[in-house]
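J.: Just dropping this structure here.
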Amino acid sequence: MSQEAYVDPATAVLWDQSHTEHDMIATRTLGFWLYLLSDAMIVSSLFASYLVLDHRVNAAAGPTAGDVVHPMAAFWGTVLLFSAILAYGAAMVGLKRGNRTAVLVGLGGAFLLGGGFLLAEGYDFAQLALHGMVPERSGYLSAFYALVLYHGAHLVFGVLWIAVMMAQVARQGFTPNVVYRLLNLKLFWFFQGFIWIYVFSFVYLAGALHVH
Amino acid sequence: MSTEARDPLQHPEVQLARGGQYLGTYIVSLLLTGAPLWLVVHHLGTPLRLMIVVVACAAALTLIQGYFWLRLDFSRTQRWMTAAFVLFIPLFVMTIGLTAWMFATLYTRTMIPTLMHAPAFAH
């Protein structure tokens with residue numbers, strides 16, 4: 001006759017509630033990294049759509065890439081974005097040294113430079129809209145707006161997140177929760193630069209070449 | 001004992017930060033975006049050759065930023081992030097590549113041939 005251990009469902013502990021022998025920070029950064037990669041799959045589908053629609057037959061007798069993209073303006077945006085990432089890197093060096101002021105200065109720099117990128121991009125798109133180049137004008141413009149502004153929307157979220165983290169660092173200091181959030185934001189912020197490489201290269205530079 | 005219970009600032013991912021590498025990557029990133037821009041803006045080459053330069057610079061930047069900014073390496077701390085990224089790359093490439101392949105000849109097969117070879121429409 002087999003003996004079964006009786007477990008009271010009302011009091012059973014199914015998993016360890018503490019973080020014993022468990023690296024909470026590494027688990028959360030890995031989880032967030034996997035989320036970022038799934039987010040990048042949306043970017044890949046937007047790139048695929050852009051590639052297909054970047055053809056004169058989808059311009060509906062309207063502007064094509066050569067008329068819409070301004071690679072020089074995009075390059076100044078690139079300088080701002082990479083500078084914002086460098087500023088966040090400086091904040092990470094400050095975090096490594098436990099220097100709260102350095103972290104806040106780095107985050108403040110990333111906030112301002114990221115905001116500058118958004119203003120420049122907003123101005124660029126406002127100019128397009130003023131010239132009638134709006135998303136509903138053609139399939140090509142829809143794809144262009146969707147791809148570039150999807151990246152821009154991430155930066156809006158990133159800038160807001162930086163502001164929240166500045167407040168948390170100032171009020172709470174370097175608690176485990178604040179540290180893992182700073183690390184996740186680092187992944188998020190650096191990844192936006194990573195995605196921008198492709199937007200700049202295959203939308204702005206290739207658009208200026210107008211290769212089909 | 002968990003790592004963060006000791007001191008979160010001693011966590012390996014916090015200790016990955018390297019100011020010199022961040023600055024070096026920043027400079028190289030601007031060079032590898034500025035150089036193809038200069039070539040494209042001044043039309044220094046055929047469109048095909050310029051496109052090859054653009055792709056090569058983007059690929060180089062991917063490796064450089066991936067290694068020095070995102071720290072995608074095979075260290076004990078980062079190896080699972082690197083593994084996830086390596087497994088992600090074929091999905092990313094296939095999504096774009098297969099879509100492009102499916103639509104590559106669509107316009108030639110379905111659209112009016114004269115339209116296909118007409119100059120780009122000016123607005």
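Ligands are numbered from 1 in the order shown, residues from 1 within each chain, and chains are lettered A, B, ... in the order they appear in the structure tokens.
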Give me, as a list in words, the contact residues of chain A against chain B at a cut-off of 6 Å, counting only C-alpha atoms.
T.: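 Matching residues, ligands excluded from the count: Thr20, Glu21, His22, Asp23, Ser44, Ala48, Arg56, Ala61, Gly62, Pro63, Met92, Val93, Lys96 and Pro176 of chain A.
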J.: Env of Leu182 (chain A): 9 Å cut, atoms = only C-alpha atoms, seq-sep filter 2 positions within chain, self excluded. Answer as a ChimeraX atom specification.
T.: /A:92,95,162,165,177-180,184-187
J.: Quick one: write out the picked residues with C-alpha atoms as an mmCIF file, in the first residue's frame?
T.:
```cif
data_model
loop_
_atom_site.group_PDB
_atom_site.id
_atom_site.type_symbol
_atom_site.label_atom_id
_atom_site.label_comp_id
_atom_site.auth_asym_id
_atom_site.auth_seq_id
_atom_site.Cartn_x
_atom_site.Cartn_y
_atom_site.Cartn_z
ATOM 1 C CA MET A 92 26.030 54.289 -14.836
ATOM 2 C CA LEU A 95 26.188 54.385 -9.991
ATOM 3 C CA ILE A 162 14.416 59.051 -16.740
ATOM 4 C CA MET A 165 14.221 57.623 -11.924
ATOM 5 C CA ASN A 177 14.672 48.269 -6.515
ATOM 6 C CA VAL A 178 16.077 51.588 -7.694
ATOM 7 C CA VAL A 179 19.265 49.901 -8.921
ATOM 8 C CA TYR A 180 17.481 47.250 -10.997
ATOM 9 C CA ASN A 184 16.554 48.191 -16.992
ATOM 10 C CA LEU A 185 16.362 51.800 -18.112
ATOM 11 C CA LYS A 186 19.981 51.538 -19.264
ATOM 12 C CA LEU A 187 19.054 48.564 -21.451
#
```
J.: List every residue of region 120-181 of chain A that DSSP, applied to the backbone of this structure, places in alpha helix (DSSP H), and write the result as a ChimeraX atom specification.
T.: /A:120-130,139-172,176-181
J.: For a quick check of understanding, using only C-alpha atoms, which of A:Thr11, A:Thr27, A:Ser38, A:Ser45 has the smallest distance to Leu147 (chain A)?
T.: A:Ser45
J.: Can you work out the spacing between CA of Arg137 (chain A) and CA of Leu119 (chain A) in Å, to one decimal?
T.: 23.5 Å
J.: Using only C-alpha atoms, find the one residue out of A:Leu130, A:Leu80, A:Ile42, A:Ala120 that sits nearest to Gly193 (chain A).
T.: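 Using only C-alpha atoms, Gly193 (chain A) sits closest to A:Leu80.
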J.: Rounded to one decimal place, report the CA of Tyr140 (chain A)-CA of Gly122 (chain A) distance in Å.
T.: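 Separation of CA of Tyr140 (chain A) and CA of Gly122 (chain A): 19.1 Å.
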J.: Env of Tyr88 (chain A): 9 Å cut, atoms = only C-alpha atoms, seq-sep filter 6 positions within chain, self excluded. Answer as a VMD selection string.
T.: chain A and resid 103 106 to 111 186 189 to 190
J.: Just give me the gap between CA of Trp76 (chain A) and CA of Ile52 (chain B) in Å, one decimal is fine.
T.: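 So the two atoms, CA of Trp76 (chain A) and CA of Ile52 (chain B), lie 22.6 Å apart.
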J.: A:Tyr198, A:Tyr123, A:Phe157, A:Tyr50: which is nearest Phe144 (chain A), counting only C-alpha atoms?
T.: A:Tyr50
J.: Out of A:Arg97, A:His210, A:Ala84, A:Phe202, which residue has the shortest atom-to-atom distance to Leu155 (chain A) when counting only C-alpha atoms?
T.: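 Using only C-alpha atoms, the shortest distance to Leu155 (chain A) belongs to A:Ala84.
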J.: Which is closer to Val79 (chain A) than all the others in B:Ile64, B:Leu31, B:Ala56, B:Val86, using only C-alpha atoms?
T.: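 Ranked by minimum distance to Val79 (chain A), first place goes to B:Leu31.
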